[in-house]
Amino acid sequence: MVCTLLTVLAAFTDAMSKRNLAERSFIMIKPDGVQRGIIGEVIKRFEQKGFKLVAMKFMQADEALLKKHYADLSEKPFFAGLVKHVSSGPVCPMVWEGLNVVKTGRFMLGETNPADSRPGTIRGDFCIDMGRNIIHGSDSVESAQKEISMWFDEKELVEWTPVQHSMVYE
Ligand code: IDP
Ligand code: MG
């Protein structure tokens, strides 16, 4: 009872201070990350940070979906190679939720070029080449919303409250 009251109070305080604990990011392990066995490591890092998993699947994406996903980059010289690579094998798309998950998720991933990514980041720890940087993460809340709706149906996004919620957020 006290716990429920505290949770309600915390949600109210967050709403008043405009903290969005329900922000979502689209994170996807690309075929190179899948082949190299890094799915578990990525999930571990997002879980141990305190973020909440909302959706996850394992699938092979077709070129049409990837052309839409990477539409902003369609004029880039590496676009064809990027679409070909990411459609070449299974990917693991996920939705993670939490306060500032888009920005923090990008920090956790590291820079686009693994050579500029610090040790401790996913790209800094696990890869070398730009075209094999193993993971995608939304770059803004707006693109996260677009990407989530491209990859998941509304009914695939699971509503749940982790028991640890009040130990992650004050
Ligand atoms: P991001 O994944 O860090 O958001 P974007 O600029 O959105 O980076 O590019 C999407 C993906 O395209 C990158 O993750 C990377 O795999 C690939 N890419 C970006 N720039 C280059 C490049 O100059 N050469 C080869 N591949 C690139
Ligand atoms: Mg990007």
# chains A, B, ... in the order shown; residues from 1 in each chain; ligands from 1

call {"tool": "residues_near_ligand", "arguments": {"ligand": "ligand 2", "cutoff": "10 Å", "atoms": "only C-alpha atoms and all ligand atoms", "output": "PyMOL selection string"}}
result
chain A and resi 69-70+72-73+106+112+136-140+143

call {"tool": "residues_near_ligand", "arguments": {"ligand": "ligand 1", "cutoff": "10 Å", "atoms": "only C-alpha atoms and all ligand atoms", "output": "VMD selection string"}}
result
chain A and resid 28 30 69 to 73 76 to 83 85 to 86 106 109 to 114 123 129 to 140

call {"tool": "write_last_selection", "arguments": {"atoms": "C-alpha atoms", "output": "PDB file, in the first residue's frame"}}
result
ATOM      1  CA  MET A  28      18.707  -2.812 -33.036  1.00  0.00           C
ATOM      2  CA  LYS A  30      22.664  -5.502 -36.757  1.00  0.00           C
ATOM      3  CA  HIS A  69      14.474   2.954 -41.921  1.00  0.00           C
ATOM      4  CA  TYR A  70      17.589   4.574 -43.414  1.00  0.00           C
ATOM      5  CA  ALA A  71      15.689   6.948 -45.779  1.00  0.00           C
ATOM      6  CA  ASP A  72      17.578  10.010 -44.446  1.00  0.00           C
ATOM      7  CA  LEU A  73      20.821   8.479 -45.732  1.00  0.00           C
ATOM      8  CA  LYS A  76      25.013   8.784 -49.143  1.00  0.00           C
ATOM      9  CA  PRO A  77      27.569   6.734 -51.079  1.00  0.00           C
ATOM     10  CA  PHE A  78      27.446   3.979 -48.456  1.00  0.00           C
ATOM     11  CA  PHE A  79      23.611   3.642 -48.554  1.00  0.00           C
ATOM     12  CA  ALA A  80      23.415   0.609 -50.893  1.00  0.00           C
ATOM     13  CA  GLY A  81      26.105  -1.251 -48.945  1.00  0.00           C
ATOM     14  CA  LEU A  82      24.404  -0.425 -45.649  1.00  0.00           C
ATOM     15  CA  VAL A  83      21.004  -1.732 -46.786  1.00  0.00           C
ATOM     16  CA  HIS A  85      24.547  -5.593 -45.106  1.00  0.00           C
ATOM     17  CA  VAL A  86      21.691  -5.027 -42.656  1.00  0.00           C
ATOM     18  CA  ARG A 106      23.499   6.935 -27.844  1.00  0.00           C
ATOM     19  CA  LEU A 109      26.460   2.897 -28.108  1.00  0.00           C
ATOM     20  CA  GLY A 110      29.375   5.263 -28.724  1.00  0.00           C
ATOM     21  CA  GLU A 111      30.091   7.212 -31.899  1.00  0.00           C
ATOM     22  CA  THR A 112      29.120   6.146 -35.429  1.00  0.00           C
ATOM     23  CA  ASN A 113      32.798   5.507 -36.136  1.00  0.00           C
ATOM     24  CA  PRO A 114      34.051   2.884 -33.659  1.00  0.00           C
ATOM     25  CA  ARG A 123      31.018   0.267 -30.280  1.00  0.00           C
ATOM     26  CA  ASP A 129      34.902  -0.514 -38.802  1.00  0.00           C
ATOM     27  CA  MET A 130      32.136   2.050 -39.492  1.00  0.00           C
ATOM     28  CA  GLY A 131      30.181  -0.295 -41.785  1.00  0.00           C
ATOM     29  CA  ARG A 132      30.310  -3.042 -39.142  1.00  0.00           C
ATOM     30  CA  ASN A 133      29.460  -1.037 -36.024  1.00  0.00           C
ATOM     31  CA  ILE A 134      27.079  -3.781 -34.800  1.00  0.00           C
ATOM     32  CA  ILE A 135      24.216  -1.717 -33.419  1.00  0.00           C
ATOM     33  CA  HIS A 136      21.667   0.981 -34.242  1.00  0.00           C
ATOM     34  CA  GLY A 137      20.187   3.489 -31.801  1.00  0.00           C
ATOM     35  CA  SER A 138      17.655   6.261 -32.441  1.00  0.00           C
ATOM     36  CA  ASP A 139      19.213   9.734 -32.599  1.00  0.00           C
ATOM     37  CA  SER A 140      16.171  11.718 -31.339  1.00  0.00           C
TER      38      SER A 140
END

call {"tool": "select_by_dssp", "arguments": {"residues": "range 7-131 of chain A", "states": "helix (DSSP H, G or I)", "output": "PDB file with N, CA, C and O atoms, in the first residue's frame"}}
result
ATOM      1  N   THR A   7       4.835   5.102  -5.323  1.00  0.00           N
ATOM      2  CA  THR A   7       4.968   5.027  -6.783  1.00  0.00           C
ATOM      3  C   THR A   7       4.091   6.086  -7.448  1.00  0.00           C
ATOM      4  O   THR A   7       4.518   6.777  -8.370  1.00  0.00           O
ATOM      5  N   VAL A   8       2.847   6.220  -6.946  1.00  0.00           N
ATOM      6  CA  VAL A   8       1.921   7.217  -7.503  1.00  0.00           C
ATOM      7  C   VAL A   8       2.482   8.619  -7.283  1.00  0.00           C
ATOM      8  O   VAL A   8       2.494   9.458  -8.189  1.00  0.00           O
ATOM      9  N   LEU A   9       3.012   8.844  -6.060  1.00  0.00           N
ATOM     10  CA  LEU A   9       3.580  10.154  -5.722  1.00  0.00           C
ATOM     11  C   LEU A   9       4.777  10.463  -6.635  1.00  0.00           C
ATOM     12  O   LEU A   9       4.914  11.568  -7.163  1.00  0.00           O
ATOM     13  N   ALA A  10       5.625   9.445  -6.844  1.00  0.00           N
ATOM     14  CA  ALA A  10       6.808   9.640  -7.697  1.00  0.00           C
ATOM     15  C   ALA A  10       6.381   9.962  -9.127  1.00  0.00           C
ATOM     16  O   ALA A  10       6.933  10.862  -9.764  1.00  0.00           O
ATOM     17  N   ALA A  11       5.358   9.242  -9.623  1.00  0.00           N
ATOM     18  CA  ALA A  11       4.863   9.489 -10.987  1.00  0.00           C
ATOM     19  C   ALA A  11       4.323  10.913 -11.089  1.00  0.00           C
ATOM     20  O   ALA A  11       4.572  11.616 -12.074  1.00  0.00           O
ATOM     21  N   PHE A  12       3.613  11.353 -10.043  1.00  0.00           N
ATOM     22  CA  PHE A  12       3.051  12.699 -10.020  1.00  0.00           C
ATOM     23  C   PHE A  12       4.176  13.747 -10.031  1.00  0.00           C
ATOM     24  O   PHE A  12       4.169  14.701 -10.818  1.00  0.00           O
ATOM     25  N   THR A  13       5.175  13.529  -9.173  1.00  0.00           N
ATOM     26  CA  THR A  13       6.312  14.462  -9.101  1.00  0.00           C
ATOM     27  C   THR A  13       7.023  14.535 -10.455  1.00  0.00           C
ATOM     28  O   THR A  13       7.378  15.611 -10.930  1.00  0.00           O
ATOM     29  N   ASP A  14       7.204  13.373 -11.083  1.00  0.00           N
ATOM     30  CA  ASP A  14       7.867  13.354 -12.386  1.00  0.00           C
ATOM     31  C   ASP A  14       7.051  14.099 -13.438  1.00  0.00           C
ATOM     32  O   ASP A  14       7.596  14.831 -14.250  1.00  0.00           O
ATOM     33  N   ALA A  15       5.728  13.896 -13.394  1.00  0.00           N
ATOM     34  CA  ALA A  15       4.874  14.586 -14.363  1.00  0.00           C
ATOM     35  C   ALA A  15       4.981  16.092 -14.154  1.00  0.00           C
ATOM     36  O   ALA A  15       5.082  16.859 -15.120  1.00  0.00           O
ATOM     37  N   MET A  16       5.003  16.515 -12.884  1.00  0.00           N
ATOM     38  CA  MET A  16       5.084  17.948 -12.585  1.00  0.00           C
ATOM     39  C   MET A  16       6.415  18.522 -13.049  1.00  0.00           C
ATOM     40  O   MET A  16       6.500  19.647 -13.511  1.00  0.00           O
ATOM     41  N   PRO A  31      23.197  -7.398 -38.237  1.00  0.00           N
ATOM     42  CA  PRO A  31      23.652  -8.773 -38.498  1.00  0.00           C
ATOM     43  C   PRO A  31      25.090  -9.057 -38.016  1.00  0.00           C
ATOM     44  O   PRO A  31      25.376 -10.167 -37.568  1.00  0.00           O
ATOM     45  N   ASP A  32      25.963  -8.047 -38.082  1.00  0.00           N
ATOM     46  CA  ASP A  32      27.343  -8.276 -37.607  1.00  0.00           C
ATOM     47  C   ASP A  32      27.359  -8.494 -36.084  1.00  0.00           C
ATOM     48  O   ASP A  32      28.094  -9.344 -35.579  1.00  0.00           O
ATOM     49  N   GLY A  33      26.511  -7.765 -35.367  1.00  0.00           N
ATOM     50  CA  GLY A  33      26.419  -7.946 -33.916  1.00  0.00           C
ATOM     51  C   GLY A  33      25.794  -9.283 -33.553  1.00  0.00           C
ATOM     52  O   GLY A  33      26.244  -9.965 -32.621  1.00  0.00           O
ATOM     53  N   VAL A  34      24.788  -9.688 -34.335  1.00  0.00           N
ATOM     54  CA  VAL A  34      24.152 -10.990 -34.103  1.00  0.00           C
ATOM     55  C   VAL A  34      25.171 -12.110 -34.343  1.00  0.00           C
ATOM     56  O   VAL A  34      25.365 -12.998 -33.507  1.00  0.00           O
ATOM     57  N   GLN A  35      25.850 -12.037 -35.506  1.00  0.00           N
ATOM     58  CA  GLN A  35      26.814 -13.090 -35.861  1.00  0.00           C
ATOM     59  C   GLN A  35      27.952 -13.176 -34.846  1.00  0.00           C
ATOM     60  O   GLN A  35      28.488 -14.259 -34.599  1.00  0.00           O
ATOM     61  N   ILE A  39      24.337 -10.024 -28.786  1.00  0.00           N
ATOM     62  CA  ILE A  39      22.958  -9.703 -28.365  1.00  0.00           C
ATOM     63  C   ILE A  39      22.863  -9.654 -26.836  1.00  0.00           C
ATOM     64  O   ILE A  39      22.360  -8.680 -26.253  1.00  0.00           O
ATOM     65  N   GLY A  40      23.346 -10.701 -26.189  1.00  0.00           N
ATOM     66  CA  GLY A  40      23.222 -10.789 -24.723  1.00  0.00           C
ATOM     67  C   GLY A  40      23.936  -9.648 -24.021  1.00  0.00           C
ATOM     68  O   GLY A  40      23.444  -9.093 -23.035  1.00  0.00           O
ATOM     69  N   GLU A  41      25.113  -9.287 -24.523  1.00  0.00           N
ATOM     70  CA  GLU A  41      25.903  -8.206 -23.925  1.00  0.00           C
ATOM     71  C   GLU A  41      25.151  -6.869 -24.004  1.00  0.00           C
ATOM     72  O   GLU A  41      25.157  -6.086 -23.056  1.00  0.00           O
ATOM     73  N   VAL A  42      24.505  -6.631 -25.152  1.00  0.00           N
ATOM     74  CA  VAL A  42      23.760  -5.368 -25.317  1.00  0.00           C
ATOM     75  C   VAL A  42      22.570  -5.341 -24.359  1.00  0.00           C
ATOM     76  O   VAL A  42      22.343  -4.356 -23.648  1.00  0.00           O
ATOM     77  N   ILE A  43      21.823  -6.441 -24.326  1.00  0.00           N
ATOM     78  CA  ILE A  43      20.667  -6.504 -23.420  1.00  0.00           C
ATOM     79  C   ILE A  43      21.147  -6.314 -21.979  1.00  0.00           C
ATOM     80  O   ILE A  43      20.551  -5.559 -21.206  1.00  0.00           O
ATOM     81  N   LYS A  44      22.242  -6.954 -21.631  1.00  0.00           N
ATOM     82  CA  LYS A  44      22.778  -6.846 -20.265  1.00  0.00           C
ATOM     83  C   LYS A  44      23.041  -5.385 -19.900  1.00  0.00           C
ATOM     84  O   LYS A  44      22.676  -4.920 -18.831  1.00  0.00           O
ATOM     85  N   ARG A  45      23.661  -4.649 -20.832  1.00  0.00           N
ATOM     86  CA  ARG A  45      24.030  -3.257 -20.526  1.00  0.00           C
ATOM     87  C   ARG A  45      22.796  -2.366 -20.338  1.00  0.00           C
ATOM     88  O   ARG A  45      22.775  -1.514 -19.459  1.00  0.00           O
ATOM     89  N   PHE A  46      21.787  -2.558 -21.184  1.00  0.00           N
ATOM     90  CA  PHE A  46      20.575  -1.737 -21.041  1.00  0.00           C
ATOM     91  C   PHE A  46      19.806  -2.138 -19.781  1.00  0.00           C
ATOM     92  O   PHE A  46      19.271  -1.285 -19.073  1.00  0.00           O
ATOM     93  N   GLU A  47      19.798  -3.436 -19.481  1.00  0.00           N
ATOM     94  CA  GLU A  47      19.126  -3.897 -18.255  1.00  0.00           C
ATOM     95  C   GLU A  47      19.828  -3.386 -17.013  1.00  0.00           C
ATOM     96  O   GLU A  47      19.196  -2.875 -16.088  1.00  0.00           O
ATOM     97  N   GLN A  48      21.154  -3.519 -17.000  1.00  0.00           N
ATOM     98  CA  GLN A  48      21.872  -3.153 -15.767  1.00  0.00           C
ATOM     99  C   GLN A  48      21.870  -1.643 -15.536  1.00  0.00           C
ATOM    100  O   GLN A  48      21.955  -1.176 -14.414  1.00  0.00           O
ATOM    101  N   LYS A  49      21.688  -0.863 -16.622  1.00  0.00           N
ATOM    102  CA  LYS A  49      21.563   0.584 -16.473  1.00  0.00           C
ATOM    103  C   LYS A  49      20.269   0.946 -15.750  1.00  0.00           C
ATOM    104  O   LYS A  49      20.181   1.942 -15.038  1.00  0.00           O
ATOM    105  N   GLU A  63      14.865  -5.487 -47.769  1.00  0.00           N
ATOM    106  CA  GLU A  63      15.466  -4.224 -48.220  1.00  0.00           C
ATOM    107  C   GLU A  63      14.479  -3.075 -48.160  1.00  0.00           C
ATOM    108  O   GLU A  63      14.856  -1.942 -47.875  1.00  0.00           O
ATOM    109  N   ALA A  64      13.185  -3.363 -48.430  1.00  0.00           N
ATOM    110  CA  ALA A  64      12.178  -2.287 -48.435  1.00  0.00           C
ATOM    111  C   ALA A  64      12.093  -1.632 -47.049  1.00  0.00           C
ATOM    112  O   ALA A  64      12.078  -0.395 -46.938  1.00  0.00           O
ATOM    113  N   LEU A  65      12.057  -2.444 -45.997  1.00  0.00           N
ATOM    114  CA  LEU A  65      11.984  -1.908 -44.635  1.00  0.00           C
ATOM    115  C   LEU A  65      13.255  -1.102 -44.309  1.00  0.00           C
ATOM    116  O   LEU A  65      13.196  -0.015 -43.738  1.00  0.00           O
ATOM    117  N   LEU A  66      14.401  -1.624 -44.733  1.00  0.00           N
ATOM    118  CA  LEU A  66      15.658  -0.932 -44.405  1.00  0.00           C
ATOM    119  C   LEU A  66      15.825   0.368 -45.193  1.00  0.00           C
ATOM    120  O   LEU A  66      16.382   1.340 -44.672  1.00  0.00           O
ATOM    121  N   LYS A  67      15.319   0.384 -46.421  1.00  0.00           N
ATOM    122  CA  LYS A  67      15.376   1.640 -47.194  1.00  0.00           C
ATOM    123  C   LYS A  67      14.536   2.708 -46.519  1.00  0.00           C
ATOM    124  O   LYS A  67      14.892   3.885 -46.509  1.00  0.00           O
ATOM    125  N   LYS A  68      13.418   2.284 -45.929  1.00  0.00           N
ATOM    126  CA  LYS A  68      12.557   3.220 -45.201  1.00  0.00           C
ATOM    127  C   LYS A  68      13.254   3.652 -43.895  1.00  0.00           C
ATOM    128  O   LYS A  68      13.300   4.835 -43.560  1.00  0.00           O
ATOM    129  N   HIS A  69      13.804   2.676 -43.205  1.00  0.00           N
ATOM    130  CA  HIS A  69      14.474   2.954 -41.921  1.00  0.00           C
ATOM    131  C   HIS A  69      15.643   3.929 -42.103  1.00  0.00           C
ATOM    132  O   HIS A  69      15.857   4.822 -41.284  1.00  0.00           O
ATOM    133  N   ALA A  71      16.054   6.015 -44.698  1.00  0.00           N
ATOM    134  CA  ALA A  71      15.689   6.948 -45.779  1.00  0.00           C
ATOM    135  C   ALA A  71      16.515   8.240 -45.760  1.00  0.00           C
ATOM    136  O   ALA A  71      16.908   8.743 -46.820  1.00  0.00           O
ATOM    137  N   ASP A  72      16.814   8.754 -44.562  1.00  0.00           N
ATOM    138  CA  ASP A  72      17.578  10.010 -44.446  1.00  0.00           C
ATOM    139  C   ASP A  72      18.964   9.903 -45.081  1.00  0.00           C
ATOM    140  O   ASP A  72      19.597  10.916 -45.370  1.00  0.00           O
ATOM    141  N   LEU A  73      19.453   8.673 -45.229  1.00  0.00           N
ATOM    142  CA  LEU A  73      20.821   8.479 -45.732  1.00  0.00           C
ATOM    143  C   LEU A  73      20.842   8.042 -47.194  1.00  0.00           C
ATOM    144  O   LEU A  73      21.893   7.669 -47.714  1.00  0.00           O
ATOM    145  N   PHE A  79      25.000   4.070 -48.793  1.00  0.00           N
ATOM    146  CA  PHE A  79      23.611   3.642 -48.554  1.00  0.00           C
ATOM    147  C   PHE A  79      23.334   2.210 -49.057  1.00  0.00           C
ATOM    148  O   PHE A  79      22.806   1.379 -48.312  1.00  0.00           O
ATOM    149  N   ALA A  80      23.708   1.930 -50.313  1.00  0.00           N
ATOM    150  CA  ALA A  80      23.415   0.609 -50.893  1.00  0.00           C
ATOM    151  C   ALA A  80      24.095  -0.496 -50.081  1.00  0.00           C
ATOM    152  O   ALA A  80      23.482  -1.525 -49.769  1.00  0.00           O
ATOM    153  N   GLY A  81      25.350  -0.258 -49.720  1.00  0.00           N
ATOM    154  CA  GLY A  81      26.105  -1.251 -48.945  1.00  0.00           C
ATOM    155  C   GLY A  81      25.496  -1.456 -47.557  1.00  0.00           C
ATOM    156  O   GLY A  81      25.449  -2.578 -47.046  1.00  0.00           O
ATOM    157  N   LEU A  82      25.013  -0.368 -46.984  1.00  0.00           N
ATOM    158  CA  LEU A  82      24.404  -0.425 -45.649  1.00  0.00           C
ATOM    159  C   LEU A  82      23.128  -1.279 -45.682  1.00  0.00           C
ATOM    160  O   LEU A  82      22.947  -2.196 -44.865  1.00  0.00           O
ATOM    161  N   VAL A  83      22.267  -0.992 -46.666  1.00  0.00           N
ATOM    162  CA  VAL A  83      21.004  -1.732 -46.786  1.00  0.00           C
ATOM    163  C   VAL A  83      21.296  -3.208 -47.073  1.00  0.00           C
ATOM    164  O   VAL A  83      20.673  -4.114 -46.497  1.00  0.00           O
ATOM    165  N   LYS A  84      22.279  -3.455 -47.948  1.00  0.00           N
ATOM    166  CA  LYS A  84      22.635  -4.832 -48.302  1.00  0.00           C
ATOM    167  C   LYS A  84      23.133  -5.583 -47.053  1.00  0.00           C
ATOM    168  O   LYS A  84      22.710  -6.711 -46.775  1.00  0.00           O
ATOM    169  N   HIS A  85      24.000  -4.931 -46.297  1.00  0.00           N
ATOM    170  CA  HIS A  85      24.547  -5.593 -45.106  1.00  0.00           C
ATOM    171  C   HIS A  85      23.461  -5.874 -44.054  1.00  0.00           C
ATOM    172  O   HIS A  85      23.354  -6.988 -43.537  1.00  0.00           O
ATOM    173  N   VAL A  86      22.652  -4.860 -43.759  1.00  0.00           N
ATOM    174  CA  VAL A  86      21.691  -5.027 -42.656  1.00  0.00           C
ATOM    175  C   VAL A  86      20.566  -5.999 -43.045  1.00  0.00           C
ATOM    176  O   VAL A  86      19.946  -6.613 -42.179  1.00  0.00           O
ATOM    177  N   VAL A 101      16.284   7.918 -22.354  1.00  0.00           N
ATOM    178  CA  VAL A 101      16.856   6.695 -22.948  1.00  0.00           C
ATOM    179  C   VAL A 101      17.443   6.933 -24.340  1.00  0.00           C
ATOM    180  O   VAL A 101      18.407   6.264 -24.734  1.00  0.00           O
ATOM    181  N   VAL A 102      16.912   7.932 -25.082  1.00  0.00           N
ATOM    182  CA  VAL A 102      17.454   8.162 -26.428  1.00  0.00           C
ATOM    183  C   VAL A 102      18.896   8.668 -26.326  1.00  0.00           C
ATOM    184  O   VAL A 102      19.819   8.092 -26.903  1.00  0.00           O
ATOM    185  N   LYS A 103      19.081   9.733 -25.530  1.00  0.00           N
ATOM    186  CA  LYS A 103      20.413  10.333 -25.400  1.00  0.00           C
ATOM    187  C   LYS A 103      21.384   9.389 -24.677  1.00  0.00           C
ATOM    188  O   LYS A 103      22.516   9.175 -25.121  1.00  0.00           O
ATOM    189  N   THR A 104      20.928   8.812 -23.591  1.00  0.00           N
ATOM    190  CA  THR A 104      21.792   7.900 -22.838  1.00  0.00           C
ATOM    191  C   THR A 104      22.126   6.666 -23.679  1.00  0.00           C
ATOM    192  O   THR A 104      23.262   6.176 -23.664  1.00  0.00           O
ATOM    193  N   GLY A 105      21.128   6.202 -24.443  1.00  0.00           N
ATOM    194  CA  GLY A 105      21.363   5.054 -25.319  1.00  0.00           C
ATOM    195  C   GLY A 105      22.461   5.339 -26.331  1.00  0.00           C
ATOM    196  O   GLY A 105      23.334   4.504 -26.588  1.00  0.00           O
ATOM    197  N   ARG A 106      22.448   6.549 -26.882  1.00  0.00           N
ATOM    198  CA  ARG A 106      23.499   6.935 -27.844  1.00  0.00           C
ATOM    199  C   ARG A 106      24.872   6.967 -27.151  1.00  0.00           C
ATOM    200  O   ARG A 106      25.872   6.557 -27.742  1.00  0.00           O
ATOM    201  N   PHE A 107      24.916   7.467 -25.915  1.00  0.00           N
ATOM    202  CA  PHE A 107      26.190   7.444 -25.170  1.00  0.00           C
ATOM    203  C   PHE A 107      26.664   6.004 -24.979  1.00  0.00           C
ATOM    204  O   PHE A 107      27.841   5.699 -25.096  1.00  0.00           O
ATOM    205  N   MET A 108      25.714   5.138 -24.641  1.00  0.00           N
ATOM    206  CA  MET A 108      26.078   3.735 -24.400  1.00  0.00           C
ATOM    207  C   MET A 108      26.581   3.061 -25.668  1.00  0.00           C
ATOM    208  O   MET A 108      27.452   2.197 -25.624  1.00  0.00           O
ATOM    209  N   LEU A 109      26.024   3.464 -26.832  1.00  0.00           N
ATOM    210  CA  LEU A 109      26.460   2.897 -28.108  1.00  0.00           C
ATOM    211  C   LEU A 109      27.854   3.384 -28.499  1.00  0.00           C
ATOM    212  O   LEU A 109      28.636   2.645 -29.060  1.00  0.00           O
ATOM    213  N   PRO A 114      33.518   3.551 -34.865  1.00  0.00           N
ATOM    214  CA  PRO A 114      34.051   2.884 -33.659  1.00  0.00           C
ATOM    215  C   PRO A 114      35.407   3.440 -33.223  1.00  0.00           C
ATOM    216  O   PRO A 114      35.727   3.411 -32.027  1.00  0.00           O
ATOM    217  N   ALA A 115      36.180   3.987 -34.184  1.00  0.00           N
ATOM    218  CA  ALA A 115      37.501   4.532 -33.844  1.00  0.00           C
ATOM    219  C   ALA A 115      37.383   5.759 -32.937  1.00  0.00           C
ATOM    220  O   ALA A 115      38.324   6.090 -32.211  1.00  0.00           O
ATOM    221  N   ASP A 116      36.236   6.432 -32.992  1.00  0.00           N
ATOM    222  CA  ASP A 116      36.014   7.604 -32.128  1.00  0.00           C
ATOM    223  C   ASP A 116      35.249   7.239 -30.856  1.00  0.00           C
ATOM    224  O   ASP A 116      34.894   8.125 -30.068  1.00  0.00           O
ATOM    225  N   ILE A 122      29.537   0.457 -26.306  1.00  0.00           N
ATOM    226  CA  ILE A 122      29.357  -0.808 -27.039  1.00  0.00           C
ATOM    227  C   ILE A 122      30.240  -0.829 -28.292  1.00  0.00           C
ATOM    228  O   ILE A 122      30.993  -1.772 -28.523  1.00  0.00           O
ATOM    229  N   ARG A 123      30.180   0.246 -29.075  1.00  0.00           N
ATOM    230  CA  ARG A 123      31.018   0.267 -30.280  1.00  0.00           C
ATOM    231  C   ARG A 123      32.500   0.379 -29.921  1.00  0.00           C
ATOM    232  O   ARG A 123      33.365  -0.169 -30.610  1.00  0.00           O
ATOM    233  N   GLY A 124      32.800   1.077 -28.831  1.00  0.00           N
ATOM    234  CA  GLY A 124      34.193   1.201 -28.391  1.00  0.00           C
ATOM    235  C   GLY A 124      34.777  -0.128 -27.929  1.00  0.00           C
ATOM    236  O   GLY A 124      35.976  -0.361 -28.030  1.00  0.00           O
ATOM    237  N   ASP A 125      33.928  -0.995 -27.445  1.00  0.00           N
ATOM    238  CA  ASP A 125      34.404  -2.267 -26.891  1.00  0.00           C
ATOM    239  C   ASP A 125      34.380  -3.421 -27.885  1.00  0.00           C
ATOM    240  O   ASP A 125      35.114  -4.393 -27.713  1.00  0.00           O
ATOM    241  N   PHE A 126      33.489  -3.329 -28.896  1.00  0.00           N
ATOM    242  CA  PHE A 126      33.255  -4.546 -29.683  1.00  0.00           C
ATOM    243  C   PHE A 126      33.470  -4.447 -31.183  1.00  0.00           C
ATOM    244  O   PHE A 126      33.214  -5.420 -31.880  1.00  0.00           O
ATOM    245  N   MET A 130      33.384   1.278 -39.463  1.00  0.00           N
ATOM    246  CA  MET A 130      32.136   2.050 -39.492  1.00  0.00           C
ATOM    247  C   MET A 130      30.965   1.234 -40.070  1.00  0.00           C
ATOM    248  O   MET A 130      29.851   1.270 -39.547  1.00  0.00           O
ATOM    249  N   GLY A 131      31.232   0.494 -41.135  1.00  0.00           N
ATOM    250  CA  GLY A 131      30.181  -0.295 -41.785  1.00  0.00           C
ATOM    251  C   GLY A 131      29.877  -1.604 -41.071  1.00  0.00           C
ATOM    252  O   GLY A 131      29.047  -2.403 -41.520  1.00  0.00           O
TER     253      GLY A 131
END

call {"tool": "select_by_dssp", "arguments": {"residues": "chain A", "states": "strand (DSSP E or B)", "output": "list of chain:residue names"}}
result
A:Arg24, A:Ser25, A:Phe26, A:Ile27, A:Met28, A:Ile29, A:Lys52, A:Leu53, A:Val54, A:Ala55, A:Met56, A:Met59, A:Gln60, A:Pro90, A:Val91, A:Cys92, A:Pro93, A:Met94, A:Val95, A:Trp96, A:Glu97, A:Pro119, A:Thr121, A:Ile135, A:His136, A:Gly137

call {"tool": "closest_residue", "arguments": {"among": "A:Val54, A:Val95, A:Thr121, A:Glu142", "to": "Thr161 in chain A", "atoms": "only C-alpha atoms"}}
result
A:Val54

call {"tool": "closest_residue", "arguments": {"among": "A:Ile128, A:Leu53, A:Ile38, A:Ile27", "to": "Leu157 in chain A", "atoms": "only C-alpha atoms"}}
result
A:Leu53

call {"tool": "residues_around", "arguments": {"residues": "Trp96 in chain A", "least_positions_apart": "3", "cutoff": "7 Å", "atoms": "only C-alpha atoms", "output": "mmCIF file with C-alpha atoms, in the first residue's frame"}}
result
data_model
loop_
_atom_site.group_PDB
_atom_site.id
_atom_site.type_symbol
_atom_site.label_atom_id
_atom_site.label_comp_id
_atom_site.auth_asym_id
_atom_site.auth_seq_id
_atom_site.Cartn_x
_atom_site.Cartn_y
_atom_site.Cartn_z
ATOM 1 C CA ARG A 24 11.433 5.166 -25.724
ATOM 2 C CA SER A 25 14.321 4.374 -28.029
ATOM 3 C CA PHE A 26 14.625 1.926 -30.890
ATOM 4 C CA PHE A 51 16.114 0.749 -18.605
ATOM 5 C CA LYS A 52 12.957 -1.243 -19.232
ATOM 6 C CA LEU A 53 12.582 -3.632 -22.165
ATOM 7 C CA VAL A 54 9.288 -2.969 -23.932
#

call {"tool": "atom_distance", "arguments": {"atom1": "CA of Val168 in chain A", "atom2": "CA of Gly37 in chain A"}}
result
28.3 Å

call {"tool": "closest_residue", "arguments": {"among": "A:Glu97, A:Ser88, A:Lys146, A:Glu170", "to": "Gly50 in chain A", "atoms": "only C-alpha atoms"}}
result
A:Glu97

call {"tool": "closest_residue", "arguments": {"among": "A:Glu75, A:His165, A:Arg118, A:Trp151", "to": "Asp62 in chain A", "atoms": "only C-alpha atoms"}}
result
A:Trp151

call {"tool": "atom_distance", "arguments": {"atom1": "CA of Ala61 in chain A", "atom2": "CA of Ile148 in chain A"}}
result
14.1 Å

call {"tool": "atom_distance", "arguments": {"atom1": "CA of Met59 in chain A", "atom2": "CA of Met94 in chain A"}}
result
11.2 Å

call {"tool": "decode", "arguments": {"residues": "range 27-32 of chain A", "atoms": "N, CA and C atoms", "output": "PDB file, in the first residue's frame"}}
result
ATOM      1  N   ILE A  27      16.411   0.377 -30.489  1.00  0.00           N
ATOM      2  CA  ILE A  27      17.783  -0.140 -30.493  1.00  0.00           C
ATOM      3  C   ILE A  27      17.772  -1.435 -31.305  1.00  0.00           C
ATOM      4  N   MET A  28      18.709  -1.576 -32.240  1.00  0.00           N
ATOM      5  CA  MET A  28      18.707  -2.812 -33.036  1.00  0.00           C
ATOM      6  C   MET A  28      20.121  -3.344 -33.208  1.00  0.00           C
ATOM      7  N   ILE A  29      20.282  -4.610 -32.880  1.00  0.00           N
ATOM      8  CA  ILE A  29      21.574  -5.247 -33.133  1.00  0.00           C
ATOM      9  C   ILE A  29      21.568  -5.689 -34.589  1.00  0.00           C
ATOM     10  N   LYS A  30      22.589  -5.240 -35.319  1.00  0.00           N
ATOM     11  CA  LYS A  30      22.664  -5.502 -36.757  1.00  0.00           C
ATOM     12  C   LYS A  30      23.240  -6.911 -36.991  1.00  0.00           C
ATOM     13  N   PRO A  31      23.197  -7.398 -38.237  1.00  0.00           N
ATOM     14  CA  PRO A  31      23.652  -8.773 -38.498  1.00  0.00           C
ATOM     15  C   PRO A  31      25.090  -9.057 -38.016  1.00  0.00           C
ATOM     16  N   ASP A  32      25.963  -8.047 -38.082  1.00  0.00           N
ATOM     17  CA  ASP A  32      27.343  -8.276 -37.607  1.00  0.00           C
ATOM     18  C   ASP A  32      27.359  -8.494 -36.084  1.00  0.00           C
TER      19      ASP A  32
END
